[in-house]
Amino acid sequence: MSANDSANDDGGTAAGTLTKKDFTSDQEVRWCPGCGDYAILATVQGFMPELGIEPDRTVFVSGIGCSGRFTYYMDTYGVHGIHGRAPAIATGIATANPDLSIWVVTGDGDGLSIGGNHLIHALRRNVNLTILMFNNQIYGLTKGQYSPTSALGTRAPSTPTGSIDHPLNPISLALGAGATFVARAADTDAKLMGKILEEAYKHKGAVFIEMLQNCPVFNDGVWEGVKDDPKGKQIKLEQGKPLVFADGTKGIALGAGMKPEIVDVVGGDTSKLLVHDEHGSQLYAHLLAQLVQPDFPMPMGVLYRQEKPTYDQLANAQIQDAIEKQGAGDLGKLLYSGMTWEVGADGTRH
Amino acid sequence: MSANDSANDDGGTAAGTLTKKDFTSDQEVRWCPGCGDYAILATVQGFMPELGIEPDRTVFVSGIGCSGRFTYYMDTYGVHGIHGRAPAIATGIATANPDLSIWVVTGDGDGLSIGGNHLIHALRRNVNLTILMFNNQIYGLTKGQYSPTSALGTRAPSTPTGSIDHPLNPISLALGAGATFVARAADTDAKLMGKILEEAYKHKGAVFIEMLQNCPVFNDGVWEGVKDDPKGKQIKLEQGKPLVFADGTKGIALGAGMKPEIVDVVGGDTSKLLVHDEHGSQLYAHLLAQLVQPDFPMPMGVLYRQEKPTYDQLANAQIQDAIEKQGAGDLGKLLYSGMTWEVGADGTRH
Amino acid sequence: MTKQVEERQRVVIRFAGDSGDGMQLTGDRFTNATAVFGNDLATLPDFPAEIRAPAGTVHGVSAFQIQFASTDILTPGDHPNVLIAMNPAALRAELGQVEKGGILILNEDAFTQRNLEKAGYAADPRHDGTLDGYQVYEVPMTSITVRAVEELGLTRKEAERSKNIFALGLVSWMFGRPTEVTLNWLHKKFADKSQVYEANVAAFKAGYNFGETTELFGTSFEVKPAPVRPGTYRNVSGAQALAWGLVAAAERSGLRLFYASYPITPASELLHELSRLKNFGVMTLQAEDEIAAANVALGASFAGNLGVTGTSGPGMDLKAETLGLAVTLELPMVIVDVQRAGPSTGMPTKTEQSDLLLAMFGRHGESPMPVVAARSPAHCFDAAIEAARLAVTYRTPVIVLSDTFLGNSSEPWLIPDVDSLPVIDPAFATGPNAGQEFLPYLRDERLARPWAIPGSAGLRHRIGGLEKEEGTGDISYDPDNHARMTALRAAKVQGIVDDILPVEVDDPDSNAELLVLGWGSTDGAIRASARRVRERGMKVATAQLVHLNPFPANLGEVVRSYRKVLIPELNLGQLALLVRGRYLVDARSYTKVQGLPLHLDELEAEIVKVMQE
Amino acid sequence: MTKQVEERQRVVIRFAGDSGDGMQLTGDRFTNATAVFGNDLATLPDFPAEIRAPAGTVHGVSAFQIQFASTDILTPGDHPNVLIAMNPAALRAELGQVEKGGILILNEDAFTQRNLEKAGYAADPRHDGTLDGYQVYEVPMTSITVRAVEELGLTRKEAERSKNIFALGLVSWMFGRPTEVTLNWLHKKFADKSQVYEANVAAFKAGYNFGETTELFGTSFEVKPAPVRPGTYRNVSGAQALAWGLVAAAERSGLRLFYASYPITPASELLHELSRLKNFGVMTLQAEDEIAAANVALGASFAGNLGVTGTSGPGMDLKAETLGLAVTLELPMVIVDVQRAGPSTGMPTKTEQSDLLLAMFGRHGESPMPVVAARSPAHCFDAAIEAARLAVTYRTPVIVLSDTFLGNSSEPWLIPDVDSLPVIDPAFATGPNAGQEFLPYLRDERLARPWAIPGSAGLRHRIGGLEKEEGTGDISYDPDNHARMTALRAAKVQGIVDDILPVEVDDPDSNAELLVLGWGSTDGAIRASARRVRERGMKVATAQLVHLNPFPANLGEVVRSYRKVLIPELNLGQLALLVRGRYLVDARSYTKVQGLPLHLDELEAEIVKVMQE
Ligand SMILES: Cc1ncc(C[n+]2csc(CCOP(=O)(O)OP(=O)(O)O)c2C)c(N)n1
Ligand SMILES: Cc1ncc(C[n+]2csc(CCOP(=O)(O)OP(=O)(O)O)c2C)c(N)n1
Ligand code: SF4
Ligand code: SF4
Ligand SMILES: [Mg+2]
Ligand SMILES: [Mg+2]
């Protein structure tokens with residue numbers, strides 16, 4: 001979303017002086033006890049002031065789902081849209097007013113099931129907005145049906161004998177769609193989330209962040225395999241550092257047939273390991289995307305970023321160009337353009 | 001789509017004895033003179049008999065677009081659906097009757113714009129069908145608006161000063177969605193198309209084939225950069241052979257930072273080159289996907305394939321299991337299940 | 001001391017507590033005991049909108065209402081005579097609905113300062129006059145339950161869980177419910193984990209004996225069994241009945257049921273119910289969205305299955321374009337719309353009847369479709385079969401309108417004999433129908449076209465959304481052909497009128513001035529209010545529409561034969577517009593758009609008002 | 001020899017040829033010359049359904065029809081008096097419509113065996129009696145043209161291209177069109193590539209002189225200028241006028257126009273036209289589908305732009321859910337539906353009026369929306385402004401109904417003075433509206449809520465699709481609040497009735513028995529047929545609705561004041577249902593669903609029939 005260059009004009013509260021309270025609405029939060037969404041909300045509300053974002057210039061747009069309620073809890077401008085369409089609404093807002101800071105909150109169902117197409121098109125257009133996808137691998141609000149990210153064999157009310165469709169990998173899909181900023185964090189990892197939000201805020205263009213979110217009611221512990229052992233099951237991505245985990249005793253190398261593989265790091269020799277470069281090649285990012293539990297530790301942090309002109313900039317630039325080249329449109333002239341003819345009071349023509 | 005195990009039962013004409021005529025409907029073909037669709041149609045109609053497909057067991061499903069008319073020209077069963085939904089209709093047909101051979105014909109707008117979501121979900125489910133996407137980088141039927149695959153800066157009626165959204169790479173997207181068979185051919189390359197159709201027909205699961213199609217009326221020559229110089233601008237993929245082009249004088253290697261690069265082949269030494277393996281890693285397939293004009297020659301043929309259980313198999317198997325485990329359902333028993341009570345003529349209960 | 005027994009004709013009880021308190025289970029158990037005892041009954045659960053609102057808050061309250069009687073009744077009742085409130089929030093949320101002077105049974109232990117605050121009570125309602133005029137019984141349910149089970153050595157938390165079963169026992173005593181029904185159920189349910197079983201049995205008996213032995217309750221009540229037609233009965237909810245009706249239609253047509261849907265409250269229940277019936281050969285598919293679901297179902301129908309899709313309002317909007325395709329493809333398909341309160345996301349857990357005009361006209365172009373509405377939970381079974389019958393016989397998509405109220409509520413059901421259900425003939429095309437040729441749009445006497453499925457030898461054909469030439473089905477831009485096809489599609493649907501029952505009018509005195517005409521789920525409330533009006537010595541006729549497109553053949557005559565016609569709907573007058581426009585009768589609307597079912601007393605008052613004008 | 005000149009009051013000419021023959025351009029040129037000459041006129045292009053059907057086939061025929069007259073006329077005419085057929089296919093496709101005894105001008109060179117076969121003629125229609133009774137003129141247009149330009153040294157192919165200009169020259173002579181208009185245009189157009197310019201000038205003159213000099217044509221025709229109000233005129237098509245109307249609305253409201261759309265015939269023209277107007281600050285976005293387009297426009301409106309989306313039937317279906325959201329968000333938004341023949345994909349290039357009930361009711365829940373219909377090509381300009389005015393003033397989505405016929409056809413337009421156009425006040429919220437607080441759903445006297453856009457200090461608020469509490473806009477499940485909000489949304493739209501003009505009735509003799517009531521694009525045909533009926537000495541009144549929701553305040557009174565009401569529509573009676581249901585008048589329908597505009601003679605006959613009953 002667009003960094004807010006002018007902190008003080010037309011009455012926006014000055015940045016820096018803001019606190020978490022300034023981003024907290026008066027609405028009672030209504031998620032289930034223990035829902036991962038609480039942690040994410042607290043982190044976002046707490047971190048916004050540090051970014052110096054003005055609430056008056058911030059818009060949250062969400063779809064339908066437990067995640068969708070996020071919008072009501074932020075004391076900013078907000079639209080709680082219909083199911084799956086938040087990226088489209090946000091595209092309209094961002095293109096209409098590029099000065100705003102626009103955040104889209106969606107879920108694995110809202111964003112990847114009904115809303116999958118809008119998601120990929122918002123990403124390919126590189127619209128200037130930040131998409132937070134709360135991935136709990138389940139439909140929470142509608143009481144527990146499996147989602148496009150649910151593991152094969154998930155038993156849910158709509159699949160009592162287990163789901164049979166192969167799950168989507170949100171990161172692969174985002175990269176496949178041409179996303180220019182891709183990151184991942186766990187709901188409870190406030191520190192990492194903060195880092196990512198800061199980078200995301202600086203990034204001009206479409207940001208996609210997968211939040212590993214726990215749904216204690218319908219899918220409890222689905223991410224425990226990653227969260228219970230941060231050292232062993234997560235790779236903390238650091239720019240320019242090799243891909244290591246388990247206290248540096250293991251790492252990721254590019255194996256034969258272009259398959260990622262886990263190798264032991266002996267005597268601190270990381271020469272065989274892949275080195276993280278968030279500005280690296282799309283292919284490298286695809287490799288990171290393929291590191292998923294249970295076979296691999298999961299990369300956490302900024303996986304990929306790339307600078308590209310944003311849709312809203314280009315769209316508004318085209319208008320400016322047109323005005324400069326053709327001059328500001330004159331409605332009268334337009335109506336009289338092409339062939340016209342005069343009829344005099346006497347019926348004469350010329 | 002499902003190979004047709006039984007050539008002769010319930011009256012289907014015996015395979016082998018069929019000719020192109022058996023697959024040619026009585027409808028007058030109505031594409032523009034010189035349209036690439038003619039070549040594709042001729043190849044498909046001509047090749048079907050060789051595959052021993054029975055027209056009575058074959059279904060073509062298409063969306064809206066010039067490409068969508070394909071269905072009317074095949075003398076098989078066919079549904080010309082609404083815009084973008086063909087993969088969903090085909091999913092219903094395939095799941096209802098796994099014995100059929102199901103072909104989806106779509107365009108870059110039908111399949112990637114309005115229909116993008118159904119496409120990726122059909123692919124991830126690995127439904128047993130073959131998707132032919134006619135990619136002419138334009139909306140033909142609606143008279144030439146730009147499409148999701150149009151190059152940046154495309155001037156079209158809706159973008160007189162040039163399009164500003166970054167094009168989608170259909171192959172990357174398909175891979176990102178988890179496609180199990182991905183291939184590419186040019187509309188005019190009947191030989192290659194035939195090879196691919198044969199492999200596709202053998203493959204159980206979702207097949208995605210990108211057809212580089214020319215629209216002489218609204219986007220003439222958009223693929224000339226690839227088609228005019230097959231040797232120099234195409235990589236003919238062959239299983240187990242290195243990625244070479246330009247009569248073997250050049251090849252593709254994996255460069256630093258995991259970027260593909262073009263290298264000269266000196267003295268026939270191809271040791272540094274990548275070797276094609278259609279059963280290879282997803283990552284390798286993503287690399288092939290990134291080889292696009294103008295920077296690279298484009299890989300033609302089968303880029304990727306992987307065996308996975310198909311949706312229709314699994315879905316029907318679950319029903320069989322249920323019947324075996326619980327016994328075939330008895331409606332009477334179902335209605336009487338749970339708590340019931342008798343009321344006698346005298347009003348007594350028990 | 002022996003206690004008095006007071007006889008009542010009908011009683012409405014509402015169990016209310018925190019989402020975690022198991023009120024739905026308590027209600028179900030009480031319902032079963034009541035059913036076996038032989039009262040007529042109707043029930044309505046009332047879930048909180050949030051998945052799990054904070055415990056102890058008003059938003060977290062979950063309630064279950066049952067009306068049971070010694071005569072037949074038609075609704076779960078407007079105003080509870082008895083409210084069981086497990087905590088202050090429950091009291092606060094529900095008190096407004098309880099009849100003045102009604103009985104309140106409160107869980108004393110739950111009325112702590114903290115809980116009162118959570119419920120938003122400034123002062124304790126038990127002492128500030130809030131409850132004046134009610135019969136209040138305070139029972140320390142939690143502590144008694146804990147004591148009753150203490151020797152079983154459960155943790156206090158576990159022990160407390162049984163307090164709803166204690167309440168169940170208490171109320172079972174109050175209304176003389178047979179205890180063995182509940183005890184047998186507990187036995188089945190907990191056969192394995194015996195400790196919990198023991199605890200629940202102990203809690204249930206404790207509750208029952210508490211009523212029996214303590215001085216607190218002076219009287220218990222007796223509600224005699226209701227006389228009903230002999231046969232085997234069960235309790236059934238609308239969702240269950242609708243799902244089973246679809247299965248029955250598949251069985252009676254020999255077609256495979258293919259249900260494709262995208263989850264949405266309150267329609268998800270259908271998907272869940274049908275997903276459990278795989279051994280009936282039922283195929284269920286959870287699609288990526290409603291558009292896909294509709295197209296998958298349509299594809300399944302093209303392939304020779306009974307393609308069905310179900311959803312609620314927002315999903316109906318999305319399916320519109322696909323339904324239009326189904327209309328022009330003329331393939332059998334059933335679309336279930338479990339209506340909820342709109343517009344837009346609206347109030348997803350609340351009921352409404354506001355999708356009628358959407359069902360009629362919610363597609364571009366002239367796109368006629370039969371519409372069938374279910375009138376009671378059990379009737380959802382028949383409505384589903386009827387929709388499938390019309391869809392298959394006439395090769396057309398058919399919309400079934402249900403709603404949140406019907407889907408969630410339940411009633412006793414005289415289980416039908418499967419062989420008595422209508423037989424549906426798919427009549428697949430088997431060969432050429434025009435000399436050597438097969439013409440996919442050559443129609444039969446009902447104007448239905450042949451259904452030729454892929455795999456059939458020699459019947460290959462292509463169909464699509466472009467206008468089709470009569471007979472051949474080839475693309476046609478011919479003006480007269482389009483006019484003809486448009487007329488044929490309309491005539492086919494209108495022609496169904498000869499194949500459906502006339503609307504039945506209930507006019508006991510056969511010369512009433514006023515006809516109350518309804519459709520769908522308002523049936524019970526309309527008939528019950530009419531009864532009350534008649535009990536007051538006034539004459540009123542009622543009729544309930546099941547077929548909304550086409551209207552029954554006799555409807556015009558019926559509405560014209562009454563001086564006044566009143567149309568109560570849970571919308572702003574949608575059926576009224578159709579009836580007025582079609583028959584030019586000055587039907588007037590009674591509308592209610594509160595997300596709640598129609599209440600007897602409201603409608604009774606309106607009827608009387610209209611009659612006295 | 002001197003030739004006769006015969007005076008005519010009105011003439012209908014149809015230019016027909018292969019898609020490649022440039023018939024549309026020929027028609028446009030003739031139209032401009034005719035406009036300058038001063039006849040009243042109306043035109044209608046008729047494109048082939050396929051992009052480029054095989055050359056020489058009937059499906060590849062492209063036609064352009066113009067009616068021009070010395071009196072004012074209202075339609076492009078039913079039956080051409082003159083047909084210019086550039087090849088056999090054109091003759092075959094169009095002959096049926098030509099008036100008996102009409103003039104046929106054929107390009108003799110094109111009547112080869114091959115072309116006759118391509119056109120599907122077994123025998124040569126010129127010699128088998130097919131053309132008996134017509135005045136047939138065979139002109140070797142191709143060869144004369146080629147000869148006329150030969151010294152310019154073009155290839156034969158290039159030379160042949162000018163044959164349409166030859167035809168233009170010939171017809172210009174026949175009807176005494178001023179040649180300089182065309183010559184000036186050619187000069188401008190081809191200023192650069194002089195060779196082609198020369199060729200076209202030569203061809204035009206050759207055609208003109210051919211008529212003048214050869215014996216073939218005995219008479220030419222004179223159609224005197226039509227008296228019209230003084231002022232500056234231009235020719236304008238419906239698509240152009242609608243696009244410009246939106247731009248005008250943006251200018252008069254100070255809002256930025258944001259048009260988001262997904263291409264679809266015939267609505268794409270709007271997207272194309274507006275994409276060319278970027279220097280007016282117009283933002284256009286081609287979305288991934290219609291759902292996205294609607295949501296983008298809604299988002300733009302939330303951000304303070306005038307969000308507009310346009311489409312045709314299939315796209316309207318898809319936008320339904322989003323329009324419902326717009327209704328409950330109560331944001332200004334305009335939705336343009338350029339109707340085409342349905343259902344489903346139907347006949348994409350043909351016209352129809354069958355989306356009226358969809359516009360009224362095509363959303364789940366009670367979801368009322370104003371609906372405005374354009375009545376002529378030029379009126380599309382006013383309709384767009386009116387829709388935007390209502391949308392902004394009442395904070396509501398508004399649907400504009402146009403159709404293929406309106407969009408493609410054109411008429412002379414007395415260009416309005418920009419300053420005379422209505423001023424639209426966005427009246428953005430600038431501060432708290434309730435003490436220190438800002439309440440997003442606190443309404444003004446029109447029941448409209450404040451429009452507070454992101455970036456405004458201190459007006460932060462969240463809105464969504466769930467039911468909202470009156471005033472605060474917070475989520476509310478309160479039954480009474482839902483009833484109130486539902487009523488308020490309905491009342492707001494109904495309240496617009498005080499802000500729109502009453503429907504005008506044209507009843508010259510002021511005591512007609514029959515009222516012909518129409519809406520939208522049938523205006524011209526209805527008024528013209530009424531004239532004819534009056535010319536036959538009978539009395540008939542007409543009225544054309546622009547506002548379909550709400551209806552004008554006086555409509556009830558109007559329809560009740562006539563003994564008979566006839567409602568002609570290009571659908572199966574959609575307005576008729578609304579009028580009957582609302583006012584209980586026995587309005588009868590005259591319906592035409594052929595993908596064609598209403599024809600005068602058909603309607604004239606119907607009117608007479610109805611009056612004589
Ligand atoms: C058009 C439409 N279809 C379906 C629904 C019902 N629905 C609401 S949220 C949801 C899925 C939510 O899953 P997810 O996006 O993962 O969000 P979560 O609740 O898990 O945070 C569904 C199916 C709806 N509201 N609208
Ligand atoms: C719901 C809907 N929206 C829009 C259209 C108009 N439309 C028809 S085809 C098409 C795009 C076709 O492009 P593509 O898929 O690339 O097919 P091509 O014509 O290029 O083969 C569009 C926008 C439609 N028919 N239906
Ligand atoms: S259902 Fe799951 S995701 Fe939704 S609020 Fe409850 S815990 Fe959170
Ligand atoms: S428009 Fe293009 S794609 Fe369509 S038929 Fe013509 S040439 Fe082929
Ligand atoms: Mg989820
Ligand atoms: Mg295309």
# chains A, B, ... in the order shown; residues from 1 in each chain; ligands from 1
>>> residues_near_ligand(ligand="ligand 3", cutoff="12 Å", atoms="only C-alpha atoms and all ligand atoms", output="PyMOL selection string")
(chain A and resi 29-41+64-70+106-109+134-145+187+212-222) or (chain C and resi 49-54)
>>> interface_residues(of="chain D", to="chain A", cutoff="8 Å", atoms="only C-alpha atoms", output="PyMOL selection string")
chain D and resi 32+35-38+227-235+244+247-248+251+258+277-283+288+291-293+295-305+321-322+325+415+417-418+454-465
>>> interface_residues(of="chain B", to="chain A", cutoff="7 Å", atoms="only C-alpha atoms", output="PyMOL selection string")
chain B and resi 116-117+124-125+164-168+172-173+176-177+257-259+280-281+283-284+286-287+311+314
>>> atom_distance(atom1="CA of Lys468 in chain C", atom2="CA of Glu330 in chain C")
11.2 Å
>>> residues_around(residues="Lys241 in chain A", least_positions_apart="2", cutoff="12 Å", atoms="only C-alpha atoms", output="ChimeraX atom specification")
/A:235-239,243-245,248,251-252,270-271,273-278
>>> interface_residues(of="chain D", to="chain C", cutoff="7 Å", atoms="only C-alpha atoms", output="NGL selection string")
:D and (313-314 or 317-318 or 320-321 or 324-325 or 328 or 341-347 or 354-355 or 357-358 or 361-367 or 465-467 or 477 or 479-480 or 482-483 or 571 or 577-578 or 580-581 or 584 or 593-595)
>>> select_by_dssp(residues="range 210-346 of chain B", states="strand (DSSP E)", output="JSON, numbers by chain")
{"B": [210, 211, 212, 234, 235, 236, 244, 245, 250, 251, 252, 253, 254, 260, 261, 262, 263, 264, 298, 299, 300, 301, 302, 303, 304, 305, 340, 341, 342, 343]}
>>> residues_around(residues="Asp509 in chain C", least_positions_apart="3", cutoff="10 Å", atoms="only C-alpha atoms", output="list in words")
Asp506, Ala512, Arg534, Met538, Lys539, Val540 and Ala541 of chain C
>>> atom_distance(atom1="CA of Asp247 in chain A", atom2="CA of Val266 in chain A")
12.1 Å
